[in-house]
$ cat target.cif   # mmCIF, C-alpha atoms
data_upload
#
loop_
_atom_site.label_atom_id
_atom_site.label_comp_id
_atom_site.auth_asym_id
_atom_site.auth_seq_id
_atom_site.Cartn_x
_atom_site.Cartn_y
_atom_site.Cartn_z
CA MET A 1 17.15 -22.21 4.63
CA ASN A 2 13.55 -23.24 4.65
CA GLY A 3 12.98 -26.93 5.09
CA GLN A 4 16.35 -28.23 4.04
CA ARG A 5 17.71 -31.58 5.05
CA MET A 6 21.17 -31.85 6.43
CA ASN A 7 23.71 -34.10 4.78
CA PRO A 8 25.20 -36.20 7.62
CA ALA A 9 28.71 -35.47 6.35
CA ASP A 10 28.14 -31.72 6.07
CA ASP A 11 28.11 -29.75 9.34
CA SER A 12 27.65 -26.42 7.56
CA ASN A 13 23.85 -26.82 7.51
CA ILE A 14 23.32 -27.39 11.23
CA ILE A 15 20.67 -25.16 12.74
CA ASP A 16 22.29 -22.81 15.24
CA LEU A 17 21.04 -23.60 18.69
CA PRO A 18 20.34 -20.81 21.16
CA ASP A 19 23.22 -19.81 23.44
CA GLN A 20 20.91 -19.77 26.47
CA GLY A 21 20.47 -23.55 26.36
CA TRP A 22 17.36 -25.68 26.43
CA HIS A 23 14.43 -24.91 28.67
CA PHE A 24 12.68 -28.28 28.32
CA SER A 25 14.22 -31.72 28.24
CA LYS A 26 12.63 -35.13 28.56
CA ARG A 27 14.01 -38.64 28.09
CA LEU A 28 11.43 -41.17 26.93
CA ALA A 29 11.32 -44.90 26.56
CA ASN A 30 10.76 -45.80 22.91
CA THR A 31 7.13 -46.72 23.46
CA ILE A 32 3.87 -45.21 22.27
CA GLU A 33 2.78 -45.05 25.92
CA ALA A 34 5.38 -42.32 26.51
CA LEU A 35 3.55 -39.90 24.18
CA PRO A 36 0.57 -38.75 26.33
CA PRO A 37 2.75 -37.64 29.29
CA LEU A 38 5.09 -35.89 26.83
CA ALA A 39 2.15 -34.06 25.22
CA GLU A 40 0.93 -32.90 28.64
CA ALA A 41 4.41 -31.67 29.61
CA VAL A 42 4.82 -29.85 26.27
CA GLU A 43 1.40 -28.23 26.67
CA LEU A 44 2.37 -26.93 30.11
CA PHE A 45 5.76 -25.74 28.84
CA GLY A 46 4.06 -24.00 25.89
CA GLN A 47 1.58 -22.24 28.17
CA GLN A 48 4.40 -21.09 30.47
CA SER A 49 6.36 -19.91 27.43
CA GLY A 50 3.40 -17.88 26.13
CA TRP A 51 2.72 -19.92 22.99
CA HIS A 52 -0.61 -19.56 21.22
CA ASP A 53 -2.79 -22.69 21.38
CA ALA A 54 -2.07 -23.35 17.68
CA ILE A 55 1.68 -23.50 18.37
CA VAL A 56 1.14 -25.97 21.24
CA MET A 57 -0.98 -28.15 18.93
CA GLN A 58 1.57 -27.97 16.09
CA VAL A 59 4.56 -28.76 18.32
CA ASN A 60 2.75 -31.71 19.90
CA LEU A 61 1.66 -33.04 16.50
CA VAL A 62 5.20 -32.72 15.11
CA LEU A 63 6.70 -34.47 18.14
CA GLU A 64 4.12 -37.27 17.96
CA GLU A 65 4.68 -37.86 14.24
CA LEU A 66 8.46 -37.88 14.49
CA ILE A 67 8.58 -40.03 17.62
CA VAL A 68 6.13 -42.59 16.20
CA ASN A 69 8.27 -42.71 13.04
CA ALA A 70 11.41 -43.20 15.15
CA ILE A 71 9.76 -46.02 17.10
CA ASN A 72 8.35 -47.77 14.02
CA ASN A 73 11.44 -47.41 11.84
CA GLY A 74 14.37 -47.10 14.24
CA TYR A 75 13.27 -49.86 16.59
CA ALA A 76 11.42 -52.13 14.16
CA ASP A 77 12.82 -55.17 15.97
CA GLY A 78 11.13 -54.07 19.22
CA ARG A 79 14.35 -53.62 21.21
CA PRO A 80 14.28 -51.09 24.06
CA GLY A 81 15.80 -47.67 23.51
CA HIS A 82 15.57 -44.03 24.45
CA ILE A 83 14.33 -40.91 22.74
CA ASN A 84 15.41 -37.51 24.03
CA VAL A 85 13.30 -34.43 23.39
CA GLN A 86 14.69 -30.95 23.95
CA ILE A 87 12.84 -27.69 23.36
CA HIS A 88 14.06 -24.13 23.55
CA SER A 89 11.66 -21.26 23.23
CA ASN A 90 12.14 -17.52 23.20
CA ALA A 91 10.13 -14.61 21.81
CA LYS A 92 11.35 -15.29 18.26
CA ALA A 93 11.32 -19.06 17.80
CA VAL A 94 10.78 -22.56 19.10
CA THR A 95 13.59 -25.03 18.47
CA LEU A 96 13.05 -28.77 18.87
CA ARG A 97 15.65 -31.51 18.95
CA ILE A 98 14.75 -35.20 18.95
CA THR A 99 17.58 -37.69 19.41
CA ASP A 100 17.24 -41.46 19.47
CA ASP A 101 19.51 -44.51 19.50
CA GLY A 102 17.50 -46.49 16.95
CA ASP A 103 18.51 -47.60 13.48
CA ALA A 104 19.27 -44.78 11.05
CA PHE A 105 16.07 -43.35 9.59
CA ASP A 106 15.69 -40.01 7.85
CA PRO A 107 11.99 -39.11 8.10
CA PHE A 108 12.40 -36.41 5.46
CA THR A 109 13.03 -39.00 2.74
CA VAL A 110 9.35 -39.93 2.95
CA ALA A 111 7.67 -38.82 -0.28
CA THR A 112 5.19 -35.97 -0.17
CA PRO A 113 1.67 -37.41 -0.53
CA ASP A 114 -0.39 -36.57 -3.58
CA LEU A 115 -3.12 -34.47 -2.01
CA THR A 116 -5.00 -34.23 -5.31
CA LEU A 117 -6.05 -37.88 -5.01
CA ALA A 118 -9.30 -38.79 -3.31
CA ILE A 119 -8.71 -39.92 0.28
CA GLU A 120 -9.66 -43.52 -0.57
CA ASP A 121 -7.11 -43.54 -3.42
CA ARG A 122 -4.17 -42.30 -1.36
CA PRO A 123 -1.60 -44.76 -0.06
CA ILE A 124 -1.30 -44.99 3.72
CA GLY A 125 1.49 -42.93 5.25
CA GLY A 126 3.40 -39.76 4.51
CA LEU A 127 0.80 -37.25 5.69
CA GLY A 128 2.44 -36.84 9.11
CA ILE A 129 5.82 -35.85 7.65
CA TYR A 130 3.99 -33.56 5.22
CA LEU A 131 2.46 -31.78 8.24
CA VAL A 132 5.87 -31.58 9.96
CA ARG A 133 7.22 -29.83 6.85
CA LYS A 134 4.22 -27.47 6.76
CA PHE A 135 4.27 -26.54 10.46
CA MET A 136 8.04 -26.07 10.85
CA ASP A 137 10.14 -23.42 9.15
CA ASP A 138 13.38 -25.41 9.21
CA TYR A 139 14.08 -29.10 9.66
CA ARG A 140 17.25 -31.15 9.59
CA TYR A 141 18.20 -34.77 10.02
CA CYS A 142 21.58 -36.26 10.67
CA TYR A 143 22.85 -39.64 11.75
CA ASP A 144 25.94 -39.64 13.90
CA LYS A 145 26.36 -43.30 14.79
CA PRO A 146 24.64 -44.46 16.91
CA TYR A 147 22.22 -41.51 17.10
CA ASN A 148 19.52 -40.11 14.84
CA GLN A 149 19.00 -36.42 15.38
CA VAL A 150 16.18 -34.29 14.04
CA THR A 151 16.35 -30.55 14.67
CA LEU A 152 13.44 -28.30 13.80
CA SER A 153 12.58 -24.66 14.29
CA LYS A 154 9.49 -22.54 14.01
CA ARG A 155 9.57 -18.77 13.95
CA LEU A 156 7.02 -17.15 16.22
CA ALA A 157 5.06 -14.06 15.34
CA LEU A 158 6.45 -11.14 17.27
CA PRO A 159 3.91 -9.34 19.43
CA SER A 160 2.55 -6.27 17.72
CA GLN A 161 3.76 -3.01 19.15
CA GLU A 162 0.93 -0.63 19.88
#
$ encode --input "target.cif" --output "structure tokens"
Amino acid sequence: MNGQRMNPADDSNIIDLPDQGWHFSKRLANTIEALPPLAEAVELFGQQSGWHDAIVMQVNLVLEELIVNAINNGYADGRPGHINVQIHSNAKAVTLRITDDGDAFDPFTVATPDLTLAIEDRPIGGLGIYLVRKFMDDYRYCYDKPYNQVTLSKRLALPSQE
């Protein structure tokens, strides 16, 4: 199921999470200042997990886009909250889960930008979610009051056998 959104009332579309559990977990304050330390920790985790540099960059970009969206839309009133990031990686895939206690916001309802328009003619916004959709193989959103949950996965290229 490539890039399908989950209906909050339909559990049949939930991405199966690995039995081994998560290998990376971080709880963040819902502030932009929490992003640089997260990016550094993800980079280290990615290196230890054997990710290519491109995968590290893509995962960090996806996390940044989704967390900024959660902060801007889920906590628009500026109240404090928490965002949990969990990552599992094995030889086949990377699975990300972002959970927050902000207002319900499905980032995948953001319209795909018209990339045929000149940059100066494009409306602001939407490009980040477009990149999330491009970089990830599967993505799901659900709201289970009081939590937003985004689950994403990216298949990794298997090492060639020589």
$ closest_residue --input "target.cif" --among "A:Ile129, A:Ile98, A:Ile87, A:Ala157" --to "Ser25 (chain A)" --atoms "all atoms listed in the file"
A:Ile87
$ resolve_selection --input "target.cif" --expression "the PyMOL selection byres ((chain A and resi 55) around 10)" --output "PyMOL selection string"
chain A and resi 43+46-47+50-54+56-61+94+135+154+156
$ residues_around --input "target.cif" --residues "Asp106 (chain A)" --least-positions-apart "5" --cutoff "10 Å" --atoms "all atoms listed in the file" --output "PDB file with C-alpha atoms, in the frame of the given file"
ATOM      1  CA  ARG A   5      17.710 -31.580   5.050  1.00  0.00           C
ATOM      2  CA  MET A   6      21.170 -31.850   6.430  1.00  0.00           C
ATOM      3  CA  ASN A  69       8.270 -42.710  13.040  1.00  0.00           C
ATOM      4  CA  ALA A  70      11.410 -43.200  15.150  1.00  0.00           C
ATOM      5  CA  ASN A  73      11.440 -47.410  11.840  1.00  0.00           C
ATOM      6  CA  GLY A  74      14.370 -47.100  14.240  1.00  0.00           C
ATOM      7  CA  ARG A 140      17.250 -31.150   9.590  1.00  0.00           C
ATOM      8  CA  TYR A 141      18.200 -34.770  10.020  1.00  0.00           C
ATOM      9  CA  CYS A 142      21.580 -36.260  10.670  1.00  0.00           C
ATOM     10  CA  TYR A 143      22.850 -39.640  11.750  1.00  0.00           C
ATOM     11  CA  ASN A 148      19.520 -40.110  14.840  1.00  0.00           C
ATOM     12  CA  GLN A 149      19.000 -36.420  15.380  1.00  0.00           C
ATOM     13  CA  VAL A 150      16.180 -34.290  14.040  1.00  0.00           C
TER      14      VAL A 150
END
$ closest_residue --input "target.cif" --among "A:Ile67, A:Ala104, A:Lys92, A:Asn72" --to "Val132 (chain A)" --atoms "all atoms listed in the file"
A:Ile67
$ atom_distance --input "target.cif" --atom1 "CA of Ala111 (chain A)" --atom2 "CA of Tyr75 (chain A)"
20.9 Å
$ closest_residue --input "target.cif" --among "A:Ser89, A:Thr99, A:Thr112, A:Ser153" --to "Asn30 (chain A)" --atoms "only C-alpha atoms"
A:Thr99
$ atom_distance --input "target.cif" --atom1 "CA of His82 (chain A)" --atom2 "CA of Leu35 (chain A)"
12.7 Å
$ resolve_selection --input "target.cif" --expression "the PyMOL selection byres ((chain A and resi 84) around 7)" --output "number ranges by chain"
A: 26-28, 82-83, 85-86, 98-100
$ closest_residue --input "target.cif" --among "A:Pro146, A:Phe105, A:Asn90, A:Glu65" --to "Tyr130 (chain A)" --atoms "all atoms listed in the file"
A:Glu65
$ axis_aligned_box --input "target.cif" --around "region 85-91 of chain A" --padding-each-side "3 Å" --output "lines of an AutoDock Vina configuration file"
center_x = 12.4
center_y = -24.5
center_z = 22.9
size_x = 10.6
size_y = 25.8
size_z = 8.1
$ resolve_selection --input "target.cif" --expression "the PyMOL selection byres ((chain A and resi 137) around 8)" --output "list in words"
Asn2, Gly3, Arg133, Lys134, Phe135, Met136, Asp138, Tyr139, Leu152, Ser153, Lys154 and Arg155 of chain A
$ closest_residue --input "target.cif" --among "A:Gly102, A:Pro107, A:Pro36, A:Gly81" --to "Gly128 (chain A)" --atoms "all atoms listed in the file"
A:Pro107
$ atom_distance --input "target.cif" --atom1 "CA of Gly78 (chain A)" --atom2 "CA of Leu38 (chain A)"
20.6 Å
$ closest_residue --input "target.cif" --among "A:Ala91, A:Ala76, A:Leu44, A:Leu131" --to "Leu63 (chain A)" --atoms "only C-alpha atoms"
A:Leu131
